[in-house]
>>> print(open('input.cif').read())   # mmCIF, C-alpha atoms
data_my_file
loop_
_atom_site.label_atom_id
_atom_site.label_comp_id
_atom_site.auth_asym_id
_atom_site.auth_seq_id
_atom_site.Cartn_x
_atom_site.Cartn_y
_atom_site.Cartn_z
CA THR T 9 21.15 33.66 -4.76
CA LYS T 10 17.37 33.53 -4.65
CA GLU T 11 17.19 35.65 -7.79
CA SER T 12 19.41 33.28 -9.78
CA LEU T 13 17.45 30.23 -8.58
CA THR T 14 14.21 31.94 -9.56
CA GLU T 15 15.59 32.78 -13.01
CA GLU T 16 16.87 29.21 -13.49
CA PHE T 17 13.49 27.77 -12.50
CA PHE T 18 11.53 29.99 -14.87
CA HIS T 19 13.93 29.15 -17.70
CA SER T 20 13.22 25.45 -17.07
CA LEU T 21 9.43 25.80 -17.33
CA PRO T 22 9.15 25.31 -21.14
CA ALA T 23 10.97 21.95 -20.87
CA ILE T 24 8.78 20.92 -17.92
CA TYR T 25 5.67 21.93 -19.88
CA GLU T 26 6.78 19.77 -22.82
CA LYS T 27 7.35 16.75 -20.56
CA ILE T 28 3.94 17.23 -18.93
CA ASN T 29 2.31 17.39 -22.38
CA GLN T 30 3.97 14.09 -23.24
CA ASP T 31 2.60 12.61 -20.00
CA VAL T 32 -0.89 13.77 -20.95
CA THR T 33 -0.49 12.03 -24.31
CA ALA T 34 0.71 8.86 -22.59
CA MET T 35 -2.31 8.78 -20.28
CA TYR T 36 -4.79 9.67 -23.02
CA GLU T 37 -3.43 7.02 -25.40
CA GLY T 38 -2.93 4.48 -22.62
CA ASP T 39 -6.44 4.57 -21.15
CA PRO T 40 -9.39 3.54 -23.36
CA ALA T 41 -11.73 5.32 -20.93
CA ALA T 42 -10.11 8.71 -21.56
CA LYS T 43 -12.39 10.77 -23.79
CA SER T 44 -10.03 13.72 -24.32
CA ARG T 45 -6.74 15.26 -23.29
CA SER T 46 -8.76 17.88 -21.43
CA GLU T 47 -10.38 15.15 -19.33
CA VAL T 48 -6.94 13.78 -18.41
CA ILE T 49 -5.72 17.23 -17.36
CA ARG T 50 -8.81 18.13 -15.36
CA THR T 51 -9.68 14.85 -13.68
CA TYR T 52 -6.87 12.27 -13.67
CA PRO T 53 -5.00 11.85 -10.36
CA GLY T 54 -2.03 10.42 -12.28
CA PHE T 55 -1.70 13.66 -14.22
CA TYR T 56 -1.90 15.71 -11.01
CA ALA T 57 0.78 13.62 -9.30
CA ILE T 58 3.22 13.50 -12.21
CA SER T 59 2.84 17.24 -12.88
CA ALA T 60 3.61 18.01 -9.24
CA TYR T 61 6.61 15.66 -9.46
CA ARG T 62 7.95 17.35 -12.62
CA ILE T 63 7.99 20.75 -10.90
CA ALA T 64 9.31 19.36 -7.59
CA HIS T 65 12.05 17.38 -9.34
CA GLN T 66 13.34 20.49 -11.10
CA LEU T 67 13.51 22.35 -7.78
CA HIS T 68 15.25 19.36 -6.18
CA GLN T 69 17.82 19.29 -9.01
CA MET T 70 18.50 22.97 -8.32
CA GLY T 71 19.27 22.23 -4.69
CA VAL T 72 16.13 23.79 -3.23
CA GLN T 73 15.44 22.30 0.21
CA GLY T 74 12.04 21.40 1.66
CA ILE T 75 9.75 22.82 -1.02
CA PRO T 76 10.08 19.87 -3.48
CA ARG T 77 8.94 17.42 -0.79
CA ILE T 78 6.10 19.71 0.25
CA ILE T 79 4.86 19.77 -3.36
CA THR T 80 4.96 15.99 -3.85
CA GLU T 81 3.47 15.28 -0.42
CA HIS T 82 0.60 17.65 -1.19
CA ALA T 83 -0.02 15.70 -4.40
CA HIS T 84 0.28 12.48 -2.36
CA SER T 85 -2.44 13.67 0.01
CA LYS T 86 -4.72 14.55 -2.91
CA THR T 87 -4.17 11.46 -5.07
CA GLY T 88 -2.73 8.62 -2.97
CA ILE T 89 0.28 8.59 -5.33
CA ASP T 90 3.63 8.95 -3.55
CA ILE T 91 6.49 10.05 -5.84
CA HIS T 92 9.73 11.21 -4.24
CA PRO T 93 10.99 14.38 -5.94
CA ALA T 94 14.52 12.95 -6.22
CA SER T 95 13.42 9.96 -8.30
CA ILE T 96 14.21 10.10 -12.02
CA ILE T 97 11.31 9.61 -14.43
CA GLY T 98 11.64 9.69 -18.20
CA GLN T 99 9.30 10.98 -20.86
CA HIS T 100 5.81 9.80 -21.84
CA PHE T 101 4.99 8.40 -18.38
CA CYS T 102 1.53 6.91 -17.85
CA ILE T 103 -0.06 6.35 -14.45
CA ASP T 104 -3.41 4.55 -14.75
CA HIS T 105 -5.79 4.83 -11.75
CA GLY T 106 -2.78 5.43 -9.52
CA THR T 107 -4.04 4.97 -5.96
CA GLY T 108 -1.36 3.47 -3.73
CA ILE T 109 1.61 3.91 -6.10
CA VAL T 110 4.94 4.46 -4.31
CA ILE T 111 8.05 5.56 -6.22
CA GLY T 112 11.09 5.80 -3.97
CA GLU T 113 13.86 8.37 -3.78
CA THR T 114 16.47 6.59 -5.91
CA ALA T 115 14.10 4.90 -8.36
CA VAL T 116 14.87 5.40 -12.05
CA ILE T 117 12.09 5.06 -14.64
CA GLY T 118 12.75 5.17 -18.39
CA ASN T 119 10.64 6.43 -21.27
CA HIS T 120 7.21 5.13 -22.30
CA VAL T 121 6.56 3.34 -19.01
CA LYS T 122 3.05 2.56 -17.76
CA ILE T 123 2.27 1.85 -14.11
CA TYR T 124 -1.05 0.81 -12.57
CA GLN T 125 -2.45 1.30 -9.06
CA GLY T 126 -0.81 -0.22 -6.01
CA VAL T 127 2.67 -0.55 -7.52
CA THR T 128 5.64 -0.12 -5.18
CA LEU T 129 9.13 0.72 -6.40
CA GLY T 130 10.77 0.37 -3.02
CA ALA T 131 13.90 -0.42 -1.05
CA LEU T 132 15.06 -3.70 0.46
CA SER T 133 16.81 -1.86 3.29
CA VAL T 134 15.53 0.94 5.52
CA SER T 135 18.85 1.42 7.31
CA LYS T 136 20.13 5.00 7.63
CA LEU T 137 23.56 3.62 6.71
CA ASP T 138 22.21 3.01 3.20
CA ALA T 139 20.72 6.49 2.82
CA GLU T 140 23.27 7.58 0.22
CA LYS T 141 23.10 4.36 -1.81
CA LYS T 142 20.78 3.53 -4.70
CA ARG T 143 18.06 1.67 -2.82
CA HIS T 144 15.21 1.58 -5.33
CA PRO T 145 14.83 -0.25 -8.66
CA THR T 146 15.41 0.81 -12.25
CA ILE T 147 12.58 0.40 -14.77
CA GLU T 148 13.83 0.58 -18.34
CA ASP T 149 11.97 1.89 -21.41
CA HIS T 150 8.62 0.54 -22.64
CA VAL T 151 7.79 -1.44 -19.48
CA VAL T 152 4.26 -2.07 -18.18
CA VAL T 153 3.83 -2.76 -14.46
CA TYR T 154 0.36 -4.03 -13.53
CA ALA T 155 -1.61 -3.44 -10.34
CA GLY T 156 -0.19 -4.47 -6.99
CA ALA T 157 3.30 -5.38 -8.19
CA THR T 158 6.15 -4.82 -5.73
CA ILE T 159 9.65 -4.28 -7.12
CA LEU T 160 12.41 -3.79 -4.55
CA GLY T 161 16.15 -3.09 -4.40
CA GLY T 162 18.66 -0.69 -5.86
CA GLU T 163 20.30 -3.39 -7.97
CA THR T 164 17.00 -4.62 -9.41
CA ILE T 165 16.56 -3.74 -13.08
CA ILE T 166 13.42 -4.45 -15.08
CA GLY T 167 14.61 -4.84 -18.67
CA HIS T 168 13.08 -2.81 -21.46
CA HIS T 169 9.87 -3.97 -23.17
CA SER T 170 8.99 -6.21 -20.22
CA ILE T 171 5.57 -6.85 -18.69
CA VAL T 172 5.28 -7.24 -14.92
CA GLY T 173 1.98 -8.88 -14.00
CA GLY T 174 -0.30 -8.00 -11.11
CA ASN T 175 0.69 -8.78 -7.51
CA VAL T 176 4.15 -10.13 -8.31
CA TRP T 177 7.04 -9.62 -5.87
CA ILE T 178 10.41 -8.94 -7.53
CA THR T 179 13.76 -8.50 -5.79
CA ARG T 180 16.13 -9.39 -8.63
CA SER T 181 16.66 -8.17 -12.17
CA ILE T 182 14.80 -9.51 -15.18
CA PRO T 183 16.07 -9.29 -18.77
CA PRO T 184 14.46 -7.28 -21.59
CA TYR T 185 11.26 -8.62 -23.19
CA SER T 186 10.36 -10.64 -20.08
CA LYS T 187 6.83 -11.42 -18.89
CA ILE T 188 6.50 -12.04 -15.15
CA TYR T 189 3.26 -13.49 -13.78
CA TYR T 190 1.77 -14.30 -10.40
CA GLN T 191 1.12 -17.98 -9.75
CA SER T 192 -1.50 -19.16 -7.25
CA LYS T 193 -3.14 -22.34 -6.00
CA MET T 194 -6.94 -22.39 -6.09
CA TYR T 195 -9.00 -24.89 -4.13
CA ASP T 196 -12.34 -26.12 -5.53
CA GLY T 197 -14.51 -27.14 -2.55
CA SER T 198 -16.98 -29.12 -4.66
CA THR T 199 -14.32 -31.44 -6.09
CA GLU T 200 -11.67 -31.06 -3.39
CA GLU T 201 -9.12 -30.44 -6.12
CA THR T 202 -6.32 -27.91 -6.07
CA ASP T 203 -5.16 -26.34 -9.30
CA VAL T 204 -2.20 -24.09 -10.02
CA VAL T 205 -3.42 -21.04 -11.86
CA ILE T 206 -1.22 -18.48 -13.60
CA PHE T 207 -2.75 -15.03 -13.68
CA ARG T 208 -1.69 -13.41 -16.93
CA SER T 209 -1.52 -9.76 -17.85
CA ASP T 210 -0.74 -10.01 -21.54
CA ASN T 211 -3.06 -7.30 -22.75
CA ARG T 212 -1.25 -4.03 -23.32
#
>>> encode(input="input.cif", output="structure tokens")
Amino acid sequence: TKESLTEEFFHSLPAIYEKINQDVTAMYEGDPAAKSRSEVIRTYPGFYAISAYRIAHQLHQMGVQGIPRIITEHAHSKTGIDIHPASIIGQHFCIDHGTGIVIGETAVIGNHVKIYQGVTLGALSVSKLDAEKKRHPTIEDHVVVYAGATILGGETIIGHHSIVGGNVWITRSIPPYSKIYYQSKMYDGSTEETDVVIFRSDNR
């Protein structure tokens, strides 16, 4: 009944509040530019998006139709951060900057994960036949994913304590403690030489 759903939702609010507080801590500690927890709460789009997700996810878990997606799409329109309410996100989640982040329906994110702007956790297949399958990747605990990285596929697992560098494209699993970087060729017009350059993202 509506009354029982309402009661269940209100009983879940203290746990949601605790998770959101942990997210605030993650963003405050994870961004040197953050001057206070209050600044994170009042101004950070990542906080807005993850808070909306936390509420929407609870409603989705309860079987509420429509409203969870409305909540996350409203946050999407305000922040440019697209988090599906069915995705599973652990504790102490940090979104830095955030614009252009996409987290798909069956994505699973562990604890103490940090994601920068432009990251896509997406699917390799858009077929309706795969709608009930796990289509989006799993990000294990203590992973940092830098700006512009694209990680695709339901069988793709990013092992814990890994660093995924900016602009990389990943469609297969990587083991724990990995560091994945983008490699590019740069042409120097004055010398007509071409060098292979590895763009590193070692700084945590």
>>> resolve_selection(input="input.cif", expression="the PyMOL selection byres ((chain T and resi 175) around 9)", output="mmCIF file with C-alpha atoms, keeping the file's coordinate frame")
data_model
loop_
_atom_site.group_PDB
_atom_site.id
_atom_site.type_symbol
_atom_site.label_atom_id
_atom_site.label_comp_id
_atom_site.auth_asym_id
_atom_site.auth_seq_id
_atom_site.Cartn_x
_atom_site.Cartn_y
_atom_site.Cartn_z
ATOM 1 C CA GLY T 126 -0.810 -0.220 -6.010
ATOM 2 C CA VAL T 127 2.670 -0.550 -7.520
ATOM 3 C CA TYR T 154 0.360 -4.030 -13.530
ATOM 4 C CA ALA T 155 -1.610 -3.440 -10.340
ATOM 5 C CA GLY T 156 -0.190 -4.470 -6.990
ATOM 6 C CA ALA T 157 3.300 -5.380 -8.190
ATOM 7 C CA THR T 158 6.150 -4.820 -5.730
ATOM 8 C CA VAL T 172 5.280 -7.240 -14.920
ATOM 9 C CA GLY T 173 1.980 -8.880 -14.000
ATOM 10 C CA GLY T 174 -0.300 -8.000 -11.110
ATOM 11 C CA VAL T 176 4.150 -10.130 -8.310
ATOM 12 C CA TRP T 177 7.040 -9.620 -5.870
ATOM 13 C CA TYR T 189 3.260 -13.490 -13.780
ATOM 14 C CA TYR T 190 1.770 -14.300 -10.400
#
>>> resolve_selection(input="input.cif", expression="the PyMOL selection byres ((chain T and resi 99-107) around 6)", output="list in words")
Gln30, Asp31, Ala34, Met35, Gly54, Gly88, Ile89, Gly98, Gly108, Ile109, Asn119, His120, Val121, Lys122, Ile123, Tyr124 and Gln125 of chain T
>>> write_last_selection(input="input.cif", atoms="C-alpha atoms", output="compact mmCIF listing (two decimals), in the coordinates of the input")
# COMPACT_ATOMS: atom_id res chain seq x y z
CA GLN T 30 3.97 14.09 -23.24
CA ASP T 31 2.60 12.61 -20.00
CA ALA T 34 0.71 8.86 -22.59
CA MET T 35 -2.31 8.78 -20.28
CA GLY T 54 -2.03 10.42 -12.28
CA GLY T 88 -2.73 8.62 -2.97
CA ILE T 89 0.28 8.59 -5.33
CA GLY T 98 11.64 9.69 -18.20
CA GLY T 108 -1.36 3.47 -3.73
CA ILE T 109 1.61 3.91 -6.10
CA ASN T 119 10.64 6.43 -21.27
CA HIS T 120 7.21 5.13 -22.30
CA VAL T 121 6.56 3.34 -19.01
CA LYS T 122 3.05 2.56 -17.76
CA ILE T 123 2.27 1.85 -14.11
CA TYR T 124 -1.05 0.81 -12.57
CA GLN T 125 -2.45 1.30 -9.06
>>> atom_distance(input="input.cif", atom1="atom CA of T:Arg143", atom2="atom CA of T:Tyr25")
29.2 Å
>>> atom_distance(input="input.cif", atom1="atom CA of T:Thr146", atom2="atom CA of T:Ala115")
5.8 Å
>>> axis_aligned_box(input="input.cif", around="stretch 119-135 of chain T", padding_each_side="3 Å", output="lines of an AutoDock Vina configuration file")
center_x = 8.2
center_y = 1.4
center_z = -7.5
size_x = 27.3
size_y = 16.1
size_z = 35.6
>>> resolve_selection(input="input.cif", expression="the PyMOL selection byres ((chain T and resi 46-50) around 12)", output="mmCIF file with C-alpha atoms, keeping the file's coordinate frame")
data_model
loop_
_atom_site.group_PDB
_atom_site.id
_atom_site.type_symbol
_atom_site.label_atom_id
_atom_site.label_comp_id
_atom_site.auth_asym_id
_atom_site.auth_seq_id
_atom_site.Cartn_x
_atom_site.Cartn_y
_atom_site.Cartn_z
ATOM 1 C CA ILE T 28 3.940 17.230 -18.930
ATOM 2 C CA ASN T 29 2.310 17.390 -22.380
ATOM 3 C CA GLN T 30 3.970 14.090 -23.240
ATOM 4 C CA ASP T 31 2.600 12.610 -20.000
ATOM 5 C CA VAL T 32 -0.890 13.770 -20.950
ATOM 6 C CA THR T 33 -0.490 12.030 -24.310
ATOM 7 C CA ALA T 34 0.710 8.860 -22.590
ATOM 8 C CA MET T 35 -2.310 8.780 -20.280
ATOM 9 C CA TYR T 36 -4.790 9.670 -23.020
ATOM 10 C CA GLU T 37 -3.430 7.020 -25.400
ATOM 11 C CA GLY T 38 -2.930 4.480 -22.620
ATOM 12 C CA ASP T 39 -6.440 4.570 -21.150
ATOM 13 C CA PRO T 40 -9.390 3.540 -23.360
ATOM 14 C CA ALA T 41 -11.730 5.320 -20.930
ATOM 15 C CA ALA T 42 -10.110 8.710 -21.560
ATOM 16 C CA LYS T 43 -12.390 10.770 -23.790
ATOM 17 C CA SER T 44 -10.030 13.720 -24.320
ATOM 18 C CA ARG T 45 -6.740 15.260 -23.290
ATOM 19 C CA THR T 51 -9.680 14.850 -13.680
ATOM 20 C CA TYR T 52 -6.870 12.270 -13.670
ATOM 21 C CA PRO T 53 -5.000 11.850 -10.360
ATOM 22 C CA GLY T 54 -2.030 10.420 -12.280
ATOM 23 C CA PHE T 55 -1.700 13.660 -14.220
ATOM 24 C CA TYR T 56 -1.900 15.710 -11.010
ATOM 25 C CA ALA T 57 0.780 13.620 -9.300
ATOM 26 C CA ILE T 58 3.220 13.500 -12.210
ATOM 27 C CA SER T 59 2.840 17.240 -12.880
ATOM 28 C CA CYS T 102 1.530 6.910 -17.850
ATOM 29 C CA ILE T 103 -0.060 6.350 -14.450
ATOM 30 C CA ASP T 104 -3.410 4.550 -14.750
ATOM 31 C CA HIS T 105 -5.790 4.830 -11.750
#
>>> closest_residue(input="input.cif", among="T:Glu26, T:Glu140, T:Glu81, T:Glu148", to="T:Gly167", atoms="all atoms listed in the file")
T:Glu148
